[in-house]
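This is my_file.cif. It holds mmCIF, C-alpha atoms and all ligand atoms.
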data_model
#
loop_
_atom_site.label_atom_id
_atom_site.label_comp_id
_atom_site.auth_asym_id
_atom_site.auth_seq_id
_atom_site.Cartn_x
_atom_site.Cartn_y
_atom_site.Cartn_z
CA MET A 68 22.91 12.21 -0.40
CA PRO A 69 24.00 9.95 -3.28
CA GLY A 70 20.81 7.92 -2.79
CA VAL A 71 20.49 5.72 -5.86
CA LYS A 72 22.22 8.09 -8.27
CA ASP A 73 23.96 6.21 -11.10
CA ARG A 74 23.16 2.89 -9.47
CA VAL A 75 21.84 0.18 -11.80
CA VAL A 76 18.65 -1.32 -10.43
CA VAL A 77 16.66 -4.24 -11.83
CA VAL A 78 12.95 -4.00 -11.10
CA THR A 79 11.12 -7.19 -12.05
CA GLY A 80 7.50 -6.93 -13.08
CA ALA A 81 7.98 -3.21 -13.67
CA GLY A 82 5.63 -2.95 -16.65
CA GLY A 83 2.65 -1.97 -14.50
CA GLY A 84 1.32 -1.48 -10.99
CA LEU A 85 3.82 -1.07 -8.17
CA GLY A 86 6.87 -2.07 -10.22
CA ARG A 87 6.19 0.73 -12.69
CA GLU A 88 6.07 3.23 -9.80
CA TYR A 89 9.33 1.88 -8.40
CA ALA A 90 11.01 2.18 -11.81
CA LEU A 91 9.73 5.73 -12.40
CA LEU A 92 10.81 6.95 -8.96
CA LEU A 93 14.23 5.30 -9.15
CA ALA A 94 14.89 6.80 -12.59
CA ARG A 95 13.82 10.24 -11.33
CA ALA A 96 16.31 9.83 -8.49
CA GLY A 97 19.09 9.19 -11.02
CA ALA A 98 19.23 5.40 -11.10
CA ARG A 99 19.63 3.48 -14.34
CA VAL A 100 16.76 1.01 -14.42
CA VAL A 101 16.15 -2.35 -16.01
CA VAL A 102 12.40 -2.50 -16.54
CA ASN A 103 11.68 -6.22 -16.60
CA ASP A 104 8.20 -7.48 -17.41
CA LEU A 105 6.91 -10.61 -19.08
CA GLY A 106 3.80 -8.67 -20.03
CA GLY A 107 1.29 -11.42 -19.29
CA ALA A 108 -2.12 -11.45 -17.63
CA ARG A 109 -2.66 -11.35 -13.86
CA ASP A 110 -2.76 -15.15 -13.69
CA GLY A 111 0.58 -15.43 -15.47
CA SER A 112 -0.81 -16.45 -18.87
CA GLY A 113 0.46 -14.81 -22.07
CA ALA A 114 3.40 -12.50 -22.73
CA ASP A 115 3.91 -9.16 -24.45
CA THR A 116 6.70 -6.62 -24.79
CA ALA A 117 4.40 -3.58 -24.71
CA MET A 118 4.22 -3.16 -20.90
CA ALA A 119 7.96 -2.90 -20.31
CA ASP A 120 8.46 -0.80 -23.47
CA GLN A 121 5.80 1.67 -22.33
CA VAL A 122 7.50 2.24 -18.95
CA VAL A 123 10.92 2.66 -20.57
CA ALA A 124 9.37 5.23 -22.94
CA GLU A 125 7.89 7.09 -19.95
CA ILE A 126 11.24 7.16 -18.18
CA GLU A 127 13.09 8.30 -21.29
CA ALA A 128 10.50 11.02 -21.94
CA GLU A 129 11.36 12.41 -18.50
CA GLY A 130 15.07 12.33 -19.32
CA GLY A 131 15.83 9.19 -17.29
CA GLN A 132 17.77 6.08 -18.25
CA ALA A 133 16.10 2.70 -18.60
CA VAL A 134 16.20 -0.44 -20.68
CA ALA A 135 13.46 -3.02 -21.19
CA ASN A 136 13.69 -6.75 -20.61
CA TYR A 137 10.88 -9.23 -21.29
CA ASP A 138 12.21 -12.45 -19.75
CA SER A 139 10.39 -14.46 -17.12
CA VAL A 140 11.82 -14.39 -13.61
CA ALA A 141 10.54 -17.94 -13.12
CA THR A 142 13.55 -19.69 -14.67
CA ALA A 143 17.31 -19.52 -14.15
CA GLU A 144 17.75 -18.75 -17.87
CA GLY A 145 15.28 -15.87 -17.66
CA ALA A 146 17.02 -14.46 -14.58
CA THR A 147 20.44 -14.69 -16.23
CA ALA A 148 19.08 -12.84 -19.25
CA ILE A 149 17.56 -10.12 -17.03
CA VAL A 150 20.87 -9.50 -15.31
CA GLY A 151 22.59 -9.73 -18.72
CA THR A 152 20.43 -6.86 -19.91
CA ALA A 153 21.70 -4.73 -17.00
CA LEU A 154 25.31 -5.62 -17.72
CA ASP A 155 25.01 -5.08 -21.48
CA ALA A 156 23.21 -1.75 -21.17
CA PHE A 157 24.89 -0.25 -18.12
CA GLY A 158 27.94 -2.43 -17.33
CA ALA A 159 26.93 -3.21 -13.74
CA VAL A 160 24.11 -4.16 -11.40
CA HIS A 161 23.76 -2.71 -7.90
CA GLY A 162 20.20 -3.39 -6.81
CA VAL A 163 17.23 -5.65 -7.44
CA VAL A 164 13.57 -5.38 -6.57
CA ASN A 165 11.96 -8.81 -6.73
CA ASN A 166 8.52 -7.47 -7.54
CA ALA A 167 7.15 -9.65 -10.37
CA GLY A 168 4.05 -11.53 -9.36
CA ILE A 169 0.91 -13.35 -10.38
CA LEU A 170 -2.24 -14.36 -8.57
CA ARG A 171 -4.19 -17.61 -8.68
CA ASP A 172 -6.44 -17.58 -5.61
CA ALA A 173 -8.46 -20.60 -4.51
CA ALA A 174 -9.50 -21.99 -1.15
CA PHE A 175 -6.97 -24.60 -0.06
CA HIS A 176 -9.32 -27.55 -0.66
CA LYS A 177 -9.81 -26.35 -4.24
CA MET A 178 -6.19 -25.40 -4.96
CA SER A 179 -4.90 -27.23 -8.03
CA ASP A 180 -1.30 -28.42 -8.16
CA GLU A 181 -0.87 -26.24 -11.22
CA ASP A 182 -2.02 -23.05 -9.46
CA TRP A 183 0.10 -23.87 -6.42
CA GLU A 184 3.18 -24.37 -8.53
CA ALA A 185 2.66 -21.45 -10.94
CA VAL A 186 2.49 -18.95 -8.07
CA LEU A 187 5.52 -20.39 -6.28
CA ARG A 188 7.48 -20.43 -9.56
CA VAL A 189 6.99 -16.73 -10.21
CA HIS A 190 7.22 -15.27 -6.69
CA LEU A 191 9.51 -17.60 -4.77
CA PHE A 192 11.59 -19.22 -7.50
CA GLY A 193 11.61 -15.89 -9.36
CA GLY A 194 13.00 -14.11 -6.30
CA TYR A 195 15.54 -16.89 -5.89
CA HIS A 196 16.67 -17.02 -9.53
CA VAL A 197 17.04 -13.27 -10.02
CA THR A 198 18.81 -12.77 -6.70
CA ARG A 199 21.05 -15.75 -7.42
CA ALA A 200 22.00 -14.14 -10.74
CA VAL A 201 22.94 -10.76 -9.19
CA TRP A 202 24.57 -12.20 -6.06
CA PRO A 203 28.11 -12.83 -7.44
CA HIS A 204 28.20 -9.27 -8.83
CA PHE A 205 27.06 -7.83 -5.51
CA ARG A 206 29.65 -9.76 -3.52
CA GLU A 207 32.46 -8.99 -5.90
CA GLN A 208 31.85 -5.24 -5.94
CA GLY A 209 31.15 -5.01 -2.19
CA HIS A 210 27.78 -3.41 -2.72
CA GLY A 211 24.29 -4.70 -3.34
CA ARG A 212 20.70 -4.05 -2.38
CA VAL A 213 17.93 -6.65 -2.49
CA VAL A 214 14.30 -5.80 -1.89
CA MET A 215 11.75 -8.60 -1.76
CA ALA A 216 8.09 -7.87 -2.41
CA THR A 217 6.35 -9.77 0.33
CA SER A 218 2.74 -9.44 1.46
CA THR A 219 0.63 -9.32 4.57
CA SER A 220 -0.82 -12.58 3.18
CA GLY A 221 2.60 -14.13 3.67
CA LEU A 222 3.09 -12.59 7.10
CA TYR A 223 -0.38 -13.31 8.49
CA GLY A 224 -2.24 -15.51 5.97
CA ASN A 225 -5.29 -14.70 3.88
CA PHE A 226 -8.28 -16.76 2.79
CA GLY A 227 -7.75 -18.28 -0.67
CA GLN A 228 -4.06 -17.42 -0.83
CA SER A 229 -2.26 -20.51 0.45
CA ASN A 230 -0.04 -20.59 -2.65
CA TYR A 231 0.62 -16.86 -2.69
CA GLY A 232 1.08 -16.56 1.08
CA THR A 233 3.52 -19.48 1.09
CA ALA A 234 5.58 -17.87 -1.66
CA LYS A 235 5.56 -14.48 0.07
CA ALA A 236 6.58 -15.95 3.44
CA GLY A 237 9.29 -17.90 1.64
CA LEU A 238 10.73 -14.68 0.28
CA VAL A 239 10.99 -13.33 3.84
CA GLY A 240 12.82 -16.49 4.86
CA LEU A 241 15.20 -16.11 1.93
CA MET A 242 15.71 -12.44 2.74
CA HIS A 243 16.71 -13.19 6.35
CA THR A 244 19.46 -15.57 5.27
CA LEU A 245 20.63 -13.22 2.50
CA ALA A 246 20.87 -10.45 5.11
CA ILE A 247 23.16 -12.67 7.20
CA GLU A 248 25.28 -13.92 4.30
CA GLY A 249 25.50 -10.55 2.54
CA ARG A 250 26.35 -8.27 5.44
CA LYS A 251 30.14 -8.51 5.30
CA TYR A 252 30.01 -7.64 1.58
CA ASN A 253 27.76 -4.61 2.11
CA VAL A 254 24.95 -6.55 0.46
CA LEU A 255 21.72 -5.72 2.23
CA ALA A 256 18.40 -7.53 1.91
CA ASN A 257 15.02 -6.28 3.10
CA ALA A 258 11.35 -6.91 2.36
CA VAL A 259 8.39 -4.64 1.73
CA ALA A 260 4.77 -5.74 2.01
CA PRO A 261 2.96 -3.17 -0.12
CA MET A 262 -0.70 -2.26 -0.06
CA ALA A 263 -1.78 -0.60 -3.29
CA ALA A 264 -4.52 -0.32 -5.89
CA THR A 265 -3.25 -2.28 -8.90
CA ARG A 266 -4.67 -4.88 -11.27
CA MET A 267 -3.65 -7.47 -8.68
CA THR A 268 -5.90 -6.02 -5.99
CA GLN A 269 -8.69 -4.51 -8.12
CA ASP A 270 -11.22 -7.19 -7.20
CA VAL A 271 -9.74 -8.57 -3.98
CA ALA A 272 -10.16 -5.43 -1.85
CA PRO A 273 -13.12 -3.04 -1.53
CA ALA A 274 -13.07 0.00 -3.88
CA GLU A 275 -13.31 2.48 -0.94
CA LEU A 276 -10.12 1.02 0.51
CA LEU A 277 -8.25 0.90 -2.81
CA GLU A 278 -9.01 4.57 -3.39
CA LYS A 279 -6.78 5.36 -0.42
CA LEU A 280 -3.90 3.21 -1.64
CA PRO A 281 -2.21 4.79 -4.68
CA ALA A 282 0.75 2.64 -5.74
CA GLU A 283 3.10 5.63 -5.98
CA GLN A 284 2.99 6.01 -2.16
CA VAL A 285 4.87 2.74 -1.69
CA ALA A 286 7.72 3.63 -4.05
CA PRO A 287 9.80 5.87 -1.73
CA ILE A 288 10.01 3.09 0.86
CA VAL A 289 11.44 0.70 -1.71
CA GLY A 290 13.60 3.52 -3.07
CA TYR A 291 15.14 4.17 0.36
CA LEU A 292 16.09 0.51 0.79
CA LEU A 293 18.10 0.74 -2.45
CA THR A 294 20.13 3.78 -1.43
CA ASP A 295 23.81 3.83 -0.56
CA GLU A 296 22.86 5.33 2.82
CA CYS A 297 20.54 2.51 3.87
CA THR A 298 22.18 0.28 6.47
CA ASP A 299 19.18 -1.87 7.39
CA SER A 300 19.24 -5.51 6.50
CA GLY A 301 16.70 -8.14 7.45
CA THR A 302 13.93 -5.58 7.97
CA VAL A 303 10.31 -6.12 6.91
CA VAL A 304 8.17 -3.04 6.30
CA VAL A 305 4.46 -2.88 5.50
CA ALA A 306 3.73 0.18 3.34
CA GLY A 307 0.65 1.69 1.77
CA GLY A 308 -1.73 4.60 1.86
CA GLY A 309 0.95 6.96 3.12
CA LYS A 310 1.72 4.76 6.12
CA ALA A 311 4.70 2.48 6.66
CA TYR A 312 5.63 0.37 9.66
CA ARG A 313 8.03 -2.38 10.60
CA VAL A 314 6.94 -5.94 11.28
CA GLN A 315 9.14 -8.19 13.37
CA LEU A 316 8.91 -11.61 15.01
CA PHE A 317 8.94 -11.59 18.80
CA GLN A 318 9.51 -14.40 21.25
CA GLY A 319 7.96 -14.83 24.66
CA GLU A 320 9.80 -15.61 27.86
CA GLY A 321 8.50 -19.18 27.68
CA VAL A 322 9.07 -21.94 30.22
CA THR A 323 12.01 -24.18 30.95
CA PHE A 324 11.13 -27.78 31.75
CA PRO A 325 13.53 -29.38 34.25
CA SER A 326 13.16 -32.71 32.44
CA THR A 327 11.20 -33.96 29.41
CA PRO A 328 7.61 -33.04 30.30
CA SER A 329 4.53 -35.20 29.91
CA ILE A 330 1.74 -34.01 27.61
CA ASP A 331 -0.22 -33.12 30.75
CA GLU A 332 2.67 -30.99 32.03
CA VAL A 333 2.83 -29.20 28.66
CA ALA A 334 -0.92 -28.56 28.87
CA GLU A 335 -0.51 -27.14 32.36
CA ALA A 336 2.37 -24.89 31.24
CA TRP A 337 0.68 -23.83 27.99
CA PRO A 338 -0.68 -20.43 29.15
CA ARG A 339 2.83 -19.40 30.37
CA LEU A 340 4.54 -20.99 27.35
CA THR A 341 2.42 -18.94 24.93
CA ASP A 342 2.33 -15.72 26.96
CA LEU A 343 3.84 -12.72 25.16
CA THR A 344 3.74 -10.21 28.02
CA ASP A 345 7.52 -9.76 28.22
CA ALA A 346 8.24 -10.70 24.63
CA VAL A 347 11.45 -9.50 23.01
CA PRO A 348 12.58 -9.48 19.35
CA GLY A 349 13.17 -13.06 18.27
CA VAL A 350 16.64 -14.39 17.56
CA ASN A 351 17.88 -17.63 16.09
CA PRO A 352 19.29 -19.56 19.09
CA VAL A 353 21.72 -21.38 16.80
CA GLY A 354 22.62 -18.28 14.74
P1 LIG B 401 0.69 -6.22 -11.00
O1 LIG B 401 -0.03 -7.42 -11.53
O2 LIG B 401 0.27 -4.89 -11.49
O3 LIG B 401 2.25 -6.34 -11.27
C1 LIG B 401 2.95 -7.54 -11.36
C2 LIG B 401 3.80 -7.47 -12.61
O4 LIG B 401 4.63 -8.64 -12.69
C3 LIG B 401 2.96 -7.45 -13.89
O5 LIG B 401 3.30 -6.31 -14.66
C4 LIG B 401 3.29 -8.75 -14.57
O6 LIG B 401 3.28 -8.67 -15.99
C5 LIG B 401 4.68 -9.05 -14.04
N1 LIG B 401 5.02 -10.47 -14.09
C6 LIG B 401 4.23 -11.52 -13.79
N2 LIG B 401 4.88 -12.67 -13.98
C7 LIG B 401 6.12 -12.36 -14.40
C8 LIG B 401 7.26 -13.12 -14.72
N3 LIG B 401 7.23 -14.46 -14.68
N4 LIG B 401 8.39 -12.48 -15.11
C9 LIG B 401 8.42 -11.13 -15.17
N5 LIG B 401 7.35 -10.35 -14.88
C10 LIG B 401 6.22 -10.95 -14.49
O7 LIG B 401 0.58 -6.30 -9.43
P2 LIG B 401 1.18 -5.35 -8.27
O8 LIG B 401 0.10 -5.15 -7.30
O9 LIG B 401 1.87 -4.19 -8.85
O10 LIG B 401 2.22 -6.34 -7.59
C11 LIG B 401 3.62 -6.12 -7.51
C12 LIG B 401 4.18 -7.00 -6.41
O11 LIG B 401 3.70 -6.55 -5.14
C13 LIG B 401 3.79 -8.47 -6.52
O12 LIG B 401 4.87 -9.28 -6.11
C14 LIG B 401 2.66 -8.59 -5.53
O13 LIG B 401 2.50 -9.91 -5.07
C15 LIG B 401 3.12 -7.64 -4.45
N6 LIG B 401 2.04 -7.20 -3.59
C16 LIG B 401 1.12 -6.32 -4.04
C17 LIG B 401 0.11 -5.89 -3.18
C18 LIG B 401 -0.86 -4.84 -3.57
O14 LIG B 401 -1.59 -4.35 -2.67
N7 LIG B 401 -0.94 -4.44 -4.82
C19 LIG B 401 -0.03 -6.46 -1.83
C20 LIG B 401 1.04 -7.33 -1.45
C21 LIG B 401 2.02 -7.69 -2.32
#
Turn the structure described in the file into structure tokens.
Amino acid sequence: MPGVKDRVVVVTGAGGGLGREYALLLARAGARVVVNDLGGARDGSGADTAMADQVVAEIEAEGGQAVANYDSVATAEGATAIVGTALDAFGAVHGVVNNAGILRDAAFHKMSDEDWEAVLRVHLFGGYHVTRAVWPHFREQGHGRVVMATSTSGLYGNFGQSNYGTAKAGLVGLMHTLAIEGRKYNVLANAVAPMAATRMTQDVAPAELLEKLPAEQVAPIVGYLLTDECTDSGTVVVAGGGKAYRVQLFQGEGVTFPSTPSIDEVAEAWPRLTDLTDAVPGVNPVG
């Protein structure tokens, strides 16, 4: 199968952790990779070229093709420059993995505006800006693959991660609309919620669990979603520790009120209204 051979894929935040594994695997499969990384600390402070350079050197040492980029995904200018690196080095862009991320955990009552905004800027605005920058190229060439890095914190919530979970859920929302708008141009958008031992998770999950979650095990899932053969769009997959499974919203049968109900009538109907016994995959009634 052609897979990702000769495709040009931008992996943001590819200087370490999961992004590095994605970049290495894609290059081994014959893709030409833009290794983007700002090179800062886990909380988003600082910047350095060494992380991206190191991964490019690793790829080149294995005989693969890669180019480094050090711009931040968090601004439109940075995103344009990232895509510019792909076009300058390889003349095209076919796929993007919106993987760059930072962490600034705090319980909601202690969340500062600055920490709220910094996390949304990198994850959600970053995913938006970089995808916005590749989108015209994808549409024009009738081919494109978008993978969003989401998180179980975005899908289900997690203590101390209101900023991060909001950003990660937002990326799923963006992905769903991109899947709808991109389909007729063969532009597919999907999301992966990884679980892996990286600097991001080193002190937020127990060591015994992290031991079972090597980052490299997530990479083939992301790799598949970038292939020519992939036809899925709008799919969310949780992946880690050698396991991967789909997550999907379902809707219950619900109740139909013959006329506008009173609050008491809603209370009476509530058990049936919230029952999921015969639930089916959810659809947008106005879609
Ligand atoms: P990581 O901290 O090792 O990797 C994130 C990378 O993004 C870093 O190399 C960092 O320098 C880069 N980065 C940060 N801000 C940037 C910016 N503005 N522009 C460009 N690059 C920037 O963490 P990890 O675990 O590899 O995370 C990768 C992605 O997977 C993140 O989006 C994270 O939220 C997501 N994720 C990871 C999970 C895990 O179990 N490790 C769980 C759920 C989601």
Stretch 276-293 of chain A: which residues within 6 Å, counting all atoms listed in the file, same-chain residues fewer than 5 positions away excluded, as a ChimeraX atom specification? /A:85,88-89,212,263-264,306-309
Would you pick out the contacts of A:Phe175 at 9 Å or less, using all atoms listed in the file, so that residues sharing its chain but fewer than 2 positions from it are not included, and give the list as an NGL selection string? :A and (172-173 or 177-179 or 226-230)
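Interatomic distance, atom CA of A:Arg199 to atom CA of A:Gln121: 27.5 Å.
Minimum atom-to-atom distances from A:Arg188, A:His161, A:Arg74, A:Lys235 to A:Ala200 were compared using all atoms listed in the file, and the lowest value belongs to A:His161.
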Leaving out A:Thr198 and any residue of its chain fewer than 2 positions from it, which residues lie within 9 Å of it when counting all atoms listed in the file, given as number ranges by chain? A: 146, 163, 165, 193-196, 200-202, 213
Would you mind listing what lies within 12 Å of A:Arg250 as a VMD selection string, with all atoms listed in the file counted and same-chain residues fewer than 2 positions away left out? chain A and resid 205 to 206 209 to 213 242 to 248 252 to 257 298 to 301
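Of the listed residues A:Gly240, A:Pro261, A:Gly151, A:Gly83, the one whose atoms come nearest to A:Thr116 is A:Gly83, with distances taken using only C-alpha atoms.
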Identify, on the basis of all atoms listed in the file, every residue whose closest approach to A:Pro69 does not exceed 8 Å; exclude the query and any residue fewer than 5 positions from it along the same chain; express the result as a list in words. Thr294, Asp295 and Glu296 of chain A
Listed atoms of ligand LIG 401 (chain B) boxed axis-aligned with 8 Å per side, centre + edges as lines of an AutoDock Vina configuration file:
center_x = 3.4
center_y = -9.3
center_z = -8.7
size_x = 26.0
size_y = 26.3
size_z = 30.5
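A straight line drawn from atom O14 of ligand LIG 401 (chain B) to atom CA of A:Thr268 is 5.7 Å long.
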With only C-alpha atoms and all ligand atoms as the basis for distance, which of A:Glu275, A:Asp182, A:Asp110, A:Glu125 is at the shortest distance from ligand LIG 401 (chain B)? A:Asp110
At a cut-off of 8 Å and counting all atoms listed in the file, what residues surround ligand LIG 401 (chain B)? Please answer as a PyMOL selection string. chain A and resi 79-87+103-111+114+118+137-141+165-170+188-190+193+216-220+231+235+260-268+280+282+307
Rounded to one decimal, what separation in Å do you get between atom CA of A:Glu129 and atom CA of A:Leu92? 11.0 Å
Rebuild stretch 188-198 of chain A to all heavy atoms - output it as a tab-separated table (two decimals), keeping the file's coordinate frame, please.
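Writing the result to result11.tsv gives the following:
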chain	number	residue	atom	x	y	z
A	188	ARG	N	6.43	-20.59	-8.53
A	188	ARG	CA	7.48	-20.43	-9.56
A	188	ARG	C	7.78	-18.96	-9.81
A	188	ARG	O	8.93	-18.58	-9.97
A	188	ARG	CB	7.06	-21.10	-10.86
A	188	ARG	CG	7.10	-22.57	-10.80
A	188	ARG	CD	7.95	-23.21	-11.91
A	188	ARG	NE	8.15	-24.60	-11.55
A	188	ARG	CZ	9.25	-25.09	-10.98
A	188	ARG	NH1	10.29	-24.31	-10.74
A	188	ARG	NH2	9.34	-26.35	-10.66
A	189	VAL	N	6.75	-18.14	-9.89
A	189	VAL	CA	6.99	-16.73	-10.21
A	189	VAL	C	7.52	-15.99	-8.98
A	189	VAL	O	8.57	-15.34	-9.04
A	189	VAL	CB	5.72	-16.04	-10.75
A	189	VAL	CG1	5.97	-14.54	-10.95
A	189	VAL	CG2	5.28	-16.68	-12.07
A	190	HIS	N	6.83	-16.08	-7.86
A	190	HIS	CA	7.22	-15.27	-6.69
A	190	HIS	C	8.49	-15.82	-6.03
A	190	HIS	O	9.48	-15.11	-5.90
A	190	HIS	CB	6.09	-15.25	-5.66
A	190	HIS	CG	4.89	-14.49	-6.11
A	190	HIS	ND1	4.75	-13.13	-5.91
A	190	HIS	CD2	3.77	-14.89	-6.75
A	190	HIS	CE1	3.59	-12.73	-6.40
A	190	HIS	NE2	2.97	-13.78	-6.91
A	191	LEU	N	8.41	-17.08	-5.60
A	191	LEU	CA	9.51	-17.60	-4.77
A	191	LEU	C	10.72	-18.02	-5.61
A	191	LEU	O	11.84	-17.58	-5.35
A	191	LEU	CB	9.00	-18.78	-3.93
A	191	LEU	CG	10.00	-19.36	-2.94
A	191	LEU	CD1	10.53	-18.31	-1.97
A	191	LEU	CD2	9.36	-20.51	-2.16
A	192	PHE	N	10.47	-18.82	-6.63
A	192	PHE	CA	11.59	-19.22	-7.50
A	192	PHE	C	12.09	-18.00	-8.27
A	192	PHE	O	13.29	-17.87	-8.50
A	192	PHE	CB	11.16	-20.35	-8.46
A	192	PHE	CG	11.07	-21.69	-7.78
A	192	PHE	CD1	10.18	-21.92	-6.77
A	192	PHE	CD2	11.91	-22.73	-8.16
A	192	PHE	CE1	10.11	-23.15	-6.13
A	192	PHE	CE2	11.85	-23.97	-7.53
A	192	PHE	CZ	10.95	-24.17	-6.52
A	193	GLY	N	11.19	-17.11	-8.67
A	193	GLY	CA	11.61	-15.89	-9.36
A	193	GLY	C	12.54	-15.07	-8.49
A	193	GLY	O	13.60	-14.62	-8.93
A	194	GLY	N	12.15	-14.86	-7.23
A	194	GLY	CA	13.00	-14.11	-6.30
A	194	GLY	C	14.35	-14.79	-6.11
A	194	GLY	O	15.39	-14.14	-6.06
A	195	TYR	N	14.30	-16.11	-6.03
A	195	TYR	CA	15.54	-16.89	-5.89
A	195	TYR	C	16.42	-16.75	-7.13
A	195	TYR	O	17.60	-16.40	-7.04
A	195	TYR	CB	15.21	-18.37	-5.63
A	195	TYR	CG	16.35	-19.29	-5.97
A	195	TYR	CD1	17.52	-19.29	-5.21
A	195	TYR	CD2	16.28	-20.14	-7.08
A	195	TYR	CE1	18.60	-20.11	-5.54
A	195	TYR	CE2	17.35	-20.97	-7.41
A	195	TYR	CZ	18.49	-20.94	-6.64
A	195	TYR	OH	19.55	-21.75	-6.98
A	196	HIS	N	15.86	-17.01	-8.30
A	196	HIS	CA	16.67	-17.02	-9.53
A	196	HIS	C	17.30	-15.65	-9.80
A	196	HIS	O	18.49	-15.56	-10.13
A	196	HIS	CB	15.81	-17.41	-10.73
A	196	HIS	CG	15.45	-18.86	-10.79
A	196	HIS	ND1	16.39	-19.87	-10.68
A	196	HIS	CD2	14.25	-19.48	-10.94
A	196	HIS	CE1	15.79	-21.05	-10.76
A	196	HIS	NE2	14.49	-20.84	-10.91
A	197	VAL	N	16.51	-14.60	-9.68
A	197	VAL	CA	17.04	-13.27	-10.02
A	197	VAL	C	18.09	-12.85	-8.99
A	197	VAL	O	19.15	-12.32	-9.34
A	197	VAL	CB	15.89	-12.24	-10.15
A	197	VAL	CG1	16.46	-10.86	-10.44
A	197	VAL	CG2	14.93	-12.65	-11.25
A	198	THR	N	17.83	-13.13	-7.72
A	198	THR	CA	18.81	-12.77	-6.70
A	198	THR	C	20.08	-13.60	-6.84
A	198	THR	O	21.19	-13.10	-6.69
A	198	THR	CB	18.21	-12.95	-5.29
A	198	THR	OG1	16.96	-12.26	-5.25
A	198	THR	CG2	19.13	-12.35	-4.22
